[in-house]
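Next comes work-v8.txt, with compact mmCIF, C-alpha atoms.
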```txt
# COMPACT_ATOMS: atom_id res chain seq x y z
CA MET A 1028 0.00 0.00 0.00
CA GLU A 1029 1.31 3.43 -0.91
CA GLU A 1030 2.42 5.63 1.98
CA GLY A 1031 -0.42 7.81 3.24
CA ARG A 1032 -3.14 5.89 1.39
CA GLU A 1033 -5.88 4.43 3.55
CA MET A 1034 -7.23 0.95 2.90
CA ASN A 1035 -10.60 0.75 1.22
CA GLY A 1036 -13.33 -1.52 2.54
CA SER A 1037 -12.26 -4.53 0.48
CA GLU A 1038 -8.62 -4.21 1.52
CA ALA A 1039 -9.60 -3.81 5.17
CA ASP A 1040 -11.75 -6.95 5.01
CA THR A 1041 -8.90 -8.88 3.40
CA SER A 1042 -6.51 -7.71 6.10
CA ARG A 1043 -8.91 -8.75 8.87
CA ILE A 1044 -9.41 -12.17 7.30
CA TYR A 1045 -5.63 -12.66 6.97
CA THR A 1046 -5.10 -11.64 10.61
CA ARG A 1047 -7.86 -13.98 11.77
CA ASP A 1048 -6.46 -16.87 9.75
CA ILE A 1049 -2.89 -16.35 10.98
CA LEU A 1050 -4.05 -16.17 14.61
CA HIS A 1051 -6.11 -19.30 14.13
CA LEU A 1052 -3.19 -21.04 12.46
CA ALA A 1053 -0.71 -20.37 15.27
CA VAL A 1054 -2.76 -20.01 18.43
CA CYS A 1055 -5.69 -22.36 17.97
CA SER A 1056 -3.50 -25.39 17.49
CA GLY A 1057 -1.26 -26.41 20.34
CA LEU A 1058 0.79 -28.58 17.99
CA ARG A 1059 1.44 -25.84 15.42
CA MET A 1060 2.31 -23.38 18.18
CA THR A 1061 4.72 -25.91 19.73
CA ILE A 1062 6.36 -26.53 16.34
CA ILE A 1063 6.93 -22.81 15.82
CA LEU A 1064 8.46 -22.43 19.28
CA SER A 1065 10.57 -25.55 18.75
CA LEU A 1066 11.94 -24.31 15.43
CA LYS A 1067 12.78 -20.98 17.07
CA LYS A 1068 15.62 -22.88 18.75
CA GLY A 1069 16.96 -24.11 15.41
CA LYS A 1070 16.38 -26.32 12.39
CA LYS A 1071 14.84 -29.74 12.99
CA SER A 1072 14.33 -32.84 10.90
CA LEU A 1073 10.93 -34.52 10.78
CA GLY A 1074 12.32 -37.23 13.04
CA ASP A 1075 13.55 -34.66 15.55
CA LEU A 1076 10.15 -32.96 15.68
CA ARG A 1077 8.29 -36.26 15.89
CA SER A 1078 10.41 -37.40 18.85
CA GLU A 1079 10.32 -34.05 20.63
CA LEU A 1080 6.58 -33.57 20.25
CA GLU A 1081 5.75 -37.26 20.69
CA VAL A 1082 3.45 -37.38 17.66
CA SER A 1083 3.27 -39.56 14.57
CA SER A 1084 4.93 -38.56 11.30
CA THR A 1085 1.50 -38.11 9.72
CA THR A 1086 0.34 -35.72 12.45
CA ALA A 1087 3.57 -33.70 12.31
CA ILE A 1088 3.54 -33.48 8.50
CA HIS A 1089 -0.08 -32.30 8.50
CA ALA A 1090 0.77 -29.44 10.87
CA LEU A 1091 3.96 -28.56 9.00
CA ARG A 1092 2.14 -28.39 5.66
CA ALA A 1093 -0.33 -25.88 7.09
CA LEU A 1094 2.56 -23.75 8.37
CA GLU A 1095 4.44 -24.00 5.05
CA LYS A 1096 1.33 -23.04 3.11
CA ASN A 1097 1.16 -19.82 5.12
CA ASN A 1098 4.91 -19.09 4.78
CA ILE A 1099 5.63 -19.68 8.45
CA THR A 1100 8.01 -22.62 7.95
CA MET A 1101 10.07 -24.01 5.07
CA GLN A 1102 12.57 -26.78 4.35
CA ASP A 1103 16.22 -26.22 3.60
CA LYS A 1104 18.27 -28.17 1.02
CA ASP A 1105 18.78 -30.96 3.58
CA LYS A 1106 15.02 -31.28 4.10
CA LYS A 1107 15.23 -29.86 7.62
CA TYR A 1108 12.40 -27.65 8.77
CA MET A 1109 13.10 -24.04 9.72
CA LEU A 1110 11.23 -20.80 10.27
CA THR A 1111 10.87 -18.21 7.55
CA LYS A 1112 11.43 -14.53 8.39
CA LEU A 1113 7.69 -14.29 9.04
CA GLY A 1114 7.89 -17.38 11.21
CA GLU A 1115 10.74 -15.93 13.27
CA ILE A 1116 8.66 -12.84 14.06
CA MET A 1117 5.64 -14.96 14.90
CA ALA A 1118 7.77 -17.14 17.17
CA LEU A 1119 8.86 -14.09 19.15
CA LYS A 1120 5.26 -12.98 19.64
CA LEU A 1121 4.13 -16.49 20.58
CA LEU A 1122 6.96 -16.81 23.08
CA ASP A 1123 5.99 -13.47 24.58
CA PHE A 1124 2.36 -14.59 24.80
CA SER A 1125 3.39 -17.94 26.29
CA ASN A 1126 5.56 -16.26 28.94
CA ALA A 1127 2.76 -13.82 29.80
CA ALA A 1128 0.27 -16.65 30.21
CA GLU A 1129 2.75 -18.51 32.42
CA VAL A 1130 3.43 -15.60 34.79
CA LEU A 1131 -0.26 -14.71 35.02
CA LYS A 1132 -1.18 -18.27 35.89
CA LYS A 1133 1.80 -18.78 38.21
CA HIS A 1134 0.87 -15.76 40.35
CA GLU A 1135 -2.84 -15.68 39.54
CA ARG A 1136 -4.02 -14.66 43.03
CA PHE A 1137 -1.41 -11.91 43.27
CA TRP A 1138 -2.55 -10.25 40.03
CA LEU A 1139 -6.26 -10.68 40.83
CA GLU A 1140 -5.99 -9.27 44.36
CA HIS A 1141 -3.92 -6.17 43.56
CA ASP A 1142 -4.35 -2.83 41.82
CA LEU A 1143 -2.27 -2.90 38.62
CA SER A 1144 -2.86 0.73 37.66
CA GLY A 1145 0.70 1.64 38.66
CA ILE A 1146 2.07 -0.51 35.83
CA PRO A 1147 1.80 1.37 32.51
CA GLU A 1148 0.10 -0.41 29.63
CA HIS A 1149 3.26 -0.83 27.56
CA LEU A 1150 4.79 -2.80 30.44
CA LEU A 1151 1.67 -4.84 31.14
CA GLU A 1152 2.15 -5.98 27.54
CA LYS A 1153 5.62 -7.19 28.57
CA ILE A 1154 4.47 -8.88 31.79
CA GLY A 1155 5.93 -12.14 30.47
CA TRP A 1156 9.37 -10.73 31.28
CA LEU A 1157 8.54 -11.50 34.92
CA LYS A 1158 8.15 -15.22 34.17
CA ASP A 1159 10.87 -16.30 36.60
CA SER A 1160 9.65 -14.14 39.47
CA THR A 1161 8.60 -15.42 42.89
CA ILE A 1162 6.32 -14.18 45.66
CA VAL A 1163 7.65 -13.32 49.11
CA GLU A 1164 4.75 -13.53 51.55
CA ASP A 1165 4.37 -13.16 55.31
CA ILE A 1166 3.42 -16.32 57.15
CA PRO A 1167 1.94 -16.83 60.66
CA THR A 1168 5.34 -17.87 62.04
CA ASP A 1169 7.13 -14.93 60.38
CA ILE A 1170 4.83 -11.93 60.01
CA PHE A 1171 7.69 -9.65 58.91
CA LYS A 1172 9.10 -12.01 56.30
CA SER A 1173 8.55 -9.77 53.26
CA HIS A 1174 9.79 -6.62 55.03
CA THR A 1175 12.86 -8.40 56.42
CA TYR A 1176 13.67 -9.75 52.98
CA PHE A 1177 13.37 -6.25 51.52
CA LEU A 1178 15.76 -4.77 54.11
CA GLU A 1179 18.31 -7.54 53.52
CA LEU A 1180 18.06 -6.98 49.78
CA ILE A 1181 18.65 -3.24 50.11
CA LYS A 1182 21.62 -3.55 52.47
CA LYS A 1183 23.46 -5.89 50.07
CA SER A 1184 23.05 -3.62 47.04
CA LYS A 1185 25.60 -1.35 45.39
CA VAL A 1186 23.09 0.49 43.19
CA ILE A 1187 19.50 1.32 44.13
CA ARG A 1188 16.76 2.83 42.02
CA GLY A 1189 13.40 3.08 43.71
CA PHE A 1190 9.92 4.47 43.36
CA SER A 1191 7.54 4.83 46.30
CA SER A 1192 4.02 6.06 46.83
CA ILE A 1193 4.16 4.93 50.48
CA TYR A 1194 6.08 6.26 53.49
CA HIS A 1195 7.72 4.08 56.12
CA PRO A 1196 9.38 5.78 59.14
CA GLU A 1197 12.40 3.47 58.89
CA TYR A 1198 13.27 4.42 55.31
CA PRO A 1199 14.89 7.88 55.76
CA GLU A 1200 17.49 6.51 58.20
CA LEU A 1201 18.00 3.43 56.03
CA ILE A 1202 18.66 5.59 52.99
CA GLU A 1203 21.04 7.81 54.98
CA GLU A 1204 22.97 4.71 56.03
CA LEU A 1205 23.21 3.52 52.43
CA VAL A 1206 24.35 6.93 51.17
CA ASN A 1207 27.02 7.10 53.88
CA ARG A 1208 28.25 3.69 52.72
CA LYS A 1209 28.63 5.17 49.21
CA VAL A 1210 25.81 3.13 47.69
CA ASP A 1211 24.50 4.79 44.52
CA VAL A 1212 20.93 5.74 45.50
CA GLU A 1213 18.27 7.38 43.34
CA ILE A 1214 14.70 7.58 44.61
CA ILE A 1215 11.43 8.85 43.15
CA VAL A 1216 8.53 9.58 45.50
CA THR A 1217 5.05 10.98 45.01
CA SER A 1218 4.34 14.54 46.15
CA LYS A 1219 2.41 13.27 49.20
CA VAL A 1220 5.32 11.11 50.29
CA PHE A 1221 7.68 14.04 49.79
CA GLU A 1222 5.50 16.19 52.05
CA LYS A 1223 5.66 13.47 54.70
CA ILE A 1224 9.46 13.33 54.41
CA LEU A 1225 9.67 17.10 54.94
CA GLU A 1226 7.38 16.79 57.93
CA THR A 1227 9.18 13.95 59.70
CA ALA A 1228 12.71 13.63 58.29
CA LYS A 1229 13.76 16.99 56.90
CA LYS A 1230 17.07 17.03 58.78
CA THR A 1231 18.03 13.63 57.40
CA LEU A 1232 17.09 14.69 53.90
CA LYS A 1233 19.18 17.86 54.10
CA LYS A 1234 22.23 15.84 55.14
CA ILE A 1235 22.17 13.54 52.16
CA LEU A 1236 20.94 15.90 49.44
CA TYR A 1237 24.50 17.25 49.18
CA SER A 1238 25.89 13.76 48.55
CA GLU A 1239 27.15 12.93 45.07
CA ASN A 1240 25.70 9.41 45.28
CA PHE A 1241 22.13 10.43 46.18
CA SER A 1242 19.32 11.98 44.15
CA LEU A 1243 15.67 12.49 45.03
CA PHE A 1244 12.91 13.09 42.50
CA VAL A 1245 9.24 13.95 43.02
CA LEU A 1246 6.36 12.80 40.86
CA ASN A 1247 3.44 15.19 40.97
CA GLU A 1248 0.73 12.55 40.65
CA GLU A 1249 -0.57 9.70 42.77
CA VAL A 1250 0.46 6.25 41.63
CA LYS A 1251 -0.33 2.99 43.40
CA ILE A 1252 2.93 1.08 43.33
CA ALA A 1253 6.26 0.81 45.13
CA PHE A 1254 9.27 -0.89 43.62
CA THR A 1255 13.01 -1.14 44.06
CA LEU A 1256 15.55 -2.01 41.41
CA THR A 1257 19.07 -2.89 42.48
CA ASP A 1258 22.12 -4.09 40.58
CA SER A 1259 20.81 -7.65 40.88
CA VAL A 1260 17.11 -7.79 41.89
CA LEU A 1261 13.71 -6.30 41.10
CA HIS A 1262 11.32 -5.98 44.04
CA ILE A 1263 7.69 -4.86 43.53
CA GLY A 1264 4.94 -4.07 46.04
CA LEU A 1265 1.37 -3.23 45.05
CA PHE A 1266 -1.80 -1.88 46.58
CA SER A 1267 -4.65 -4.27 47.30
CA ASN A 1268 -7.92 -3.77 45.46
CA ASP A 1269 -9.38 -2.13 48.58
CA GLY A 1270 -6.94 0.77 48.20
CA THR A 1271 -4.51 -0.13 51.01
CA TYR A 1272 -0.86 -0.95 50.42
CA ASP A 1273 -0.10 -4.65 50.84
CA TYR A 1274 2.96 -4.86 53.11
CA ASN A 1275 2.62 -8.62 53.37
CA LYS A 1276 3.23 -9.78 49.83
CA ASP A 1277 5.82 -8.75 47.23
CA ILE A 1278 6.96 -10.06 43.88
CA ILE A 1279 10.70 -10.38 43.26
CA SER A 1280 13.05 -11.58 40.54
CA ASP A 1281 16.79 -11.71 39.92
CA ASN A 1282 16.32 -12.68 36.27
CA GLU A 1283 17.99 -10.29 33.82
CA LYS A 1284 14.79 -10.01 31.76
CA ALA A 1285 12.84 -8.94 34.85
CA ILE A 1286 15.54 -6.45 35.79
CA SER A 1287 15.30 -4.98 32.28
CA TRP A 1288 11.54 -4.71 32.78
CA GLY A 1289 12.20 -2.90 36.06
CA ARG A 1290 14.53 -0.45 34.31
CA LEU A 1291 11.79 0.42 31.84
CA LEU A 1292 9.34 0.90 34.70
CA TYR A 1293 11.76 3.18 36.52
CA GLU A 1294 12.48 5.19 33.36
CA HIS A 1295 8.74 5.65 32.85
CA TYR A 1296 8.39 7.45 36.18
CA PHE A 1297 11.82 9.09 36.08
CA ASN A 1298 10.88 10.90 32.86
CA LYS A 1299 7.77 12.32 34.55
CA SER A 1300 9.43 13.47 37.78
CA LYS A 1301 11.39 16.52 38.91
CA LYS A 1302 14.65 16.52 40.84
CA VAL A 1303 14.74 17.96 44.37
CA ASP A 1304 17.69 20.29 45.02
CA SER A 1305 19.25 21.34 48.34
CA ARG A 1306 17.04 24.42 48.73
CA ILE A 1307 14.35 22.87 50.93
```

Could I get this file's structure written as structure tokens?
Amino acid sequence: MEEGREMNGSEADTSRIYTRDILHLAVCSGLRMTIILSLKKGKKSLGDLRSELEVSSTTAIHALRALEKNNITMQDKDKKYMLTKLGEIMALKLLDFSNAAEVLKKHERFWLEHDLSGIPEHLLEKIGWLKDSTIVEDIPTDIFKSHTYFLELIKKSKVIRGFSSIYHPEYPELIEELVNRKVDVEIIVTSKVFEKILETAKKTLKKILYSENFSLFVLNEEVKIAFTLTDSVLHIGLFSNDGTYDYNKDIISDNEKAISWGRLLYEHYFNKSKKVDSRI
């Protein structure tokens, strides 16, 4: 289609039909989807696919023919099956979808019971990056488990990037301790949290605002999330659906993909915030 030219009704219908057919081809067949994801790892012979998928040659060939017909797979000169360029792109999207489904199912209660409004839409679309995350939850025999874990995590870190829409009276002194130990600390807080800091810990804040390894930023909007990103771990806390912050349950991950997701989340709020200088 020429640049700037809109599709007419017939072209739009054709596009919708193609999209529907491609989705049906890849998603509505577990076998075809598995073949695409398998070939993402490299070329496979029919025998390799048959053994890996535990299906008959006839079943595998039937699925492969449907994929070849739609230019998703092809055979090389040695008769091994491989993805086309279109297939490689589809494999990436299917893997992303598969990872998202896995993390949503794995932590189903966590997602259902918490307010997700603090996670921007473009990162909800990448929720599969948190596939290898785990939940840290308080238990009757250790009611401070999640908070203790958080403090241990922070004290071991060399670099800290955090965002908070909650205030805890322990945090100003903790941050001062980290700054004095030359940990690289950068924090974003909401305007309400900043007001609370000025009310209860202004002296502490003044001490560390002059430090080269500390920066404080304020976001002038209310967001329901708190998270910390260190050099090795992502730690996320959310508000419950009733509007209260859930101190008892956090999601964490030390996987590099999750840490990359955390960087994007931090950048999202960093770009909307304003730095606090020493004139307070």

**OP:** Would you mind telling me which residue in A:Lys1067, A:Asp1258, A:Leu1058, A:Asn1126 lies nearest to A:Glu1081 when using only C-alpha atoms?
**Re:**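 Comparing A:Lys1067, A:Asp1258, A:Leu1058, A:Asn1126 against A:Glu1081, the winner is A:Leu1058.
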
Subject >> Contacts of stretch 1087-1098 of chain A within 10 Å, all atoms listed in the file, excl. fewer than 4 positions in-chain, as a list of chain:residue names >> reply: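 Those residues are A:Asp1048, A:Ile1049, A:Leu1052, A:Ala1053, A:Ser1056, A:Leu1058, A:Arg1059, A:Met1060, A:Ile1062, A:Ile1063, A:Leu1073, A:Gly1074, A:Leu1076, A:Arg1077, A:Leu1080, A:Glu1081, A:Val1082, A:Ser1083, A:Gln1102, A:Tyr1108, A:Met1109, A:Leu1110, A:Thr1111, A:Lys1112, A:Leu1113, A:Gly1114.
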
Kindly export the residues of the current selection with C-alpha atoms, as a PDB file, keeping the file's coordinate frame.
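selection-v9.pdb, freshly written:
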```pdb
ATOM      1  CA  ASP A1048      -6.460 -16.870   9.750  1.00  0.00           C
ATOM      2  CA  ILE A1049      -2.890 -16.350  10.980  1.00  0.00           C
ATOM      3  CA  LEU A1052      -3.190 -21.040  12.460  1.00  0.00           C
ATOM      4  CA  ALA A1053      -0.710 -20.370  15.270  1.00  0.00           C
ATOM      5  CA  SER A1056      -3.500 -25.390  17.490  1.00  0.00           C
ATOM      6  CA  LEU A1058       0.790 -28.580  17.990  1.00  0.00           C
ATOM      7  CA  ARG A1059       1.440 -25.840  15.420  1.00  0.00           C
ATOM      8  CA  MET A1060       2.310 -23.380  18.180  1.00  0.00           C
ATOM      9  CA  ILE A1062       6.360 -26.530  16.340  1.00  0.00           C
ATOM     10  CA  ILE A1063       6.930 -22.810  15.820  1.00  0.00           C
ATOM     11  CA  LEU A1073      10.930 -34.520  10.780  1.00  0.00           C
ATOM     12  CA  GLY A1074      12.320 -37.230  13.040  1.00  0.00           C
ATOM     13  CA  LEU A1076      10.150 -32.960  15.680  1.00  0.00           C
ATOM     14  CA  ARG A1077       8.290 -36.260  15.890  1.00  0.00           C
ATOM     15  CA  LEU A1080       6.580 -33.570  20.250  1.00  0.00           C
ATOM     16  CA  GLU A1081       5.750 -37.260  20.690  1.00  0.00           C
ATOM     17  CA  VAL A1082       3.450 -37.380  17.660  1.00  0.00           C
ATOM     18  CA  SER A1083       3.270 -39.560  14.570  1.00  0.00           C
ATOM     19  CA  GLN A1102      12.570 -26.780   4.350  1.00  0.00           C
ATOM     20  CA  TYR A1108      12.400 -27.650   8.770  1.00  0.00           C
ATOM     21  CA  MET A1109      13.100 -24.040   9.720  1.00  0.00           C
ATOM     22  CA  LEU A1110      11.230 -20.800  10.270  1.00  0.00           C
ATOM     23  CA  THR A1111      10.870 -18.210   7.550  1.00  0.00           C
ATOM     24  CA  LYS A1112      11.430 -14.530   8.390  1.00  0.00           C
ATOM     25  CA  LEU A1113       7.690 -14.290   9.040  1.00  0.00           C
ATOM     26  CA  GLY A1114       7.890 -17.380  11.210  1.00  0.00           C
TER      27      GLY A1114
END
```

Original post:
How many Å lie between atom CA of A:Asn1268 and atom CA of A:Glu1140, rounded to one decimal?
Top reply: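 Result for atom CA of A:Asn1268 versus atom CA of A:Glu1140: 5.9 Å, one decimal.
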
**OP:** Work out how far apart atom CA of A:Ile1224 and atom CA of A:Arg1208 are and give it in Å to one decimal.
**Re:** 21.2 Å

Original post:
What lies within 10 Å of A:Ile1235 using only C-alpha atoms, ignoring chain neighbours under 2 positions off, as a ChimeraX atom specification?
Top reply: /A:1199,1202-1204,1206-1207,1230-1233,1237-1243,1305

Subject >> Given all atoms listed in the file as the counted atoms, nearest of A:Leu1225, A:Val1130, A:Leu1292, A:Val1210 to A:Lys1182 >> reply: A:Val1210

Original post:
Hey, what's within 12 Å of A:Ile1181 if we count only C-alpha atoms and toss same-chain stuff fewer than 6 positions away? As JSON, numbers by chain, please?
Top reply: {"A": [1174, 1175, 1187, 1188, 1189, 1198, 1201, 1202, 1204, 1205, 1206, 1210, 1211, 1212, 1254, 1255, 1256, 1257, 1258, 1259, 1260, 1261, 1262]}

Go ahead and write the selection's residues with C-alpha atoms as a PDB file, in the frame of the given file.
```
ATOM      1  CA  HIS A1174       9.790  -6.620  55.030  1.00  0.00           C
ATOM      2  CA  THR A1175      12.860  -8.400  56.420  1.00  0.00           C
ATOM      3  CA  ILE A1187      19.500   1.320  44.130  1.00  0.00           C
ATOM      4  CA  ARG A1188      16.760   2.830  42.020  1.00  0.00           C
ATOM      5  CA  GLY A1189      13.400   3.080  43.710  1.00  0.00           C
ATOM      6  CA  TYR A1198      13.270   4.420  55.310  1.00  0.00           C
ATOM      7  CA  LEU A1201      18.000   3.430  56.030  1.00  0.00           C
ATOM      8  CA  ILE A1202      18.660   5.590  52.990  1.00  0.00           C
ATOM      9  CA  GLU A1204      22.970   4.710  56.030  1.00  0.00           C
ATOM     10  CA  LEU A1205      23.210   3.520  52.430  1.00  0.00           C
ATOM     11  CA  VAL A1206      24.350   6.930  51.170  1.00  0.00           C
ATOM     12  CA  VAL A1210      25.810   3.130  47.690  1.00  0.00           C
ATOM     13  CA  ASP A1211      24.500   4.790  44.520  1.00  0.00           C
ATOM     14  CA  VAL A1212      20.930   5.740  45.500  1.00  0.00           C
ATOM     15  CA  PHE A1254       9.270  -0.890  43.620  1.00  0.00           C
ATOM     16  CA  THR A1255      13.010  -1.140  44.060  1.00  0.00           C
ATOM     17  CA  LEU A1256      15.550  -2.010  41.410  1.00  0.00           C
ATOM     18  CA  THR A1257      19.070  -2.890  42.480  1.00  0.00           C
ATOM     19  CA  ASP A1258      22.120  -4.090  40.580  1.00  0.00           C
ATOM     20  CA  SER A1259      20.810  -7.650  40.880  1.00  0.00           C
ATOM     21  CA  VAL A1260      17.110  -7.790  41.890  1.00  0.00           C
ATOM     22  CA  LEU A1261      13.710  -6.300  41.100  1.00  0.00           C
ATOM     23  CA  HIS A1262      11.320  -5.980  44.040  1.00  0.00           C
TER      24      HIS A1262
END
```

**OP:** State, in Å with one decimal place, the distance from atom CA of A:Lys1299 to atom CA of A:Ile1154.
**Re:**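 Separating atom CA of A:Lys1299 from atom CA of A:Ile1154 is a distance of 21.6 Å.
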
**OP:** Could you check which of A:Val1250, A:Ala1128, A:Leu1157, A:Val1163 is closest to A:Gly1270, using all atoms listed in the file?
**Re:**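 Of all the options, A:Val1250 lies closest to A:Gly1270.
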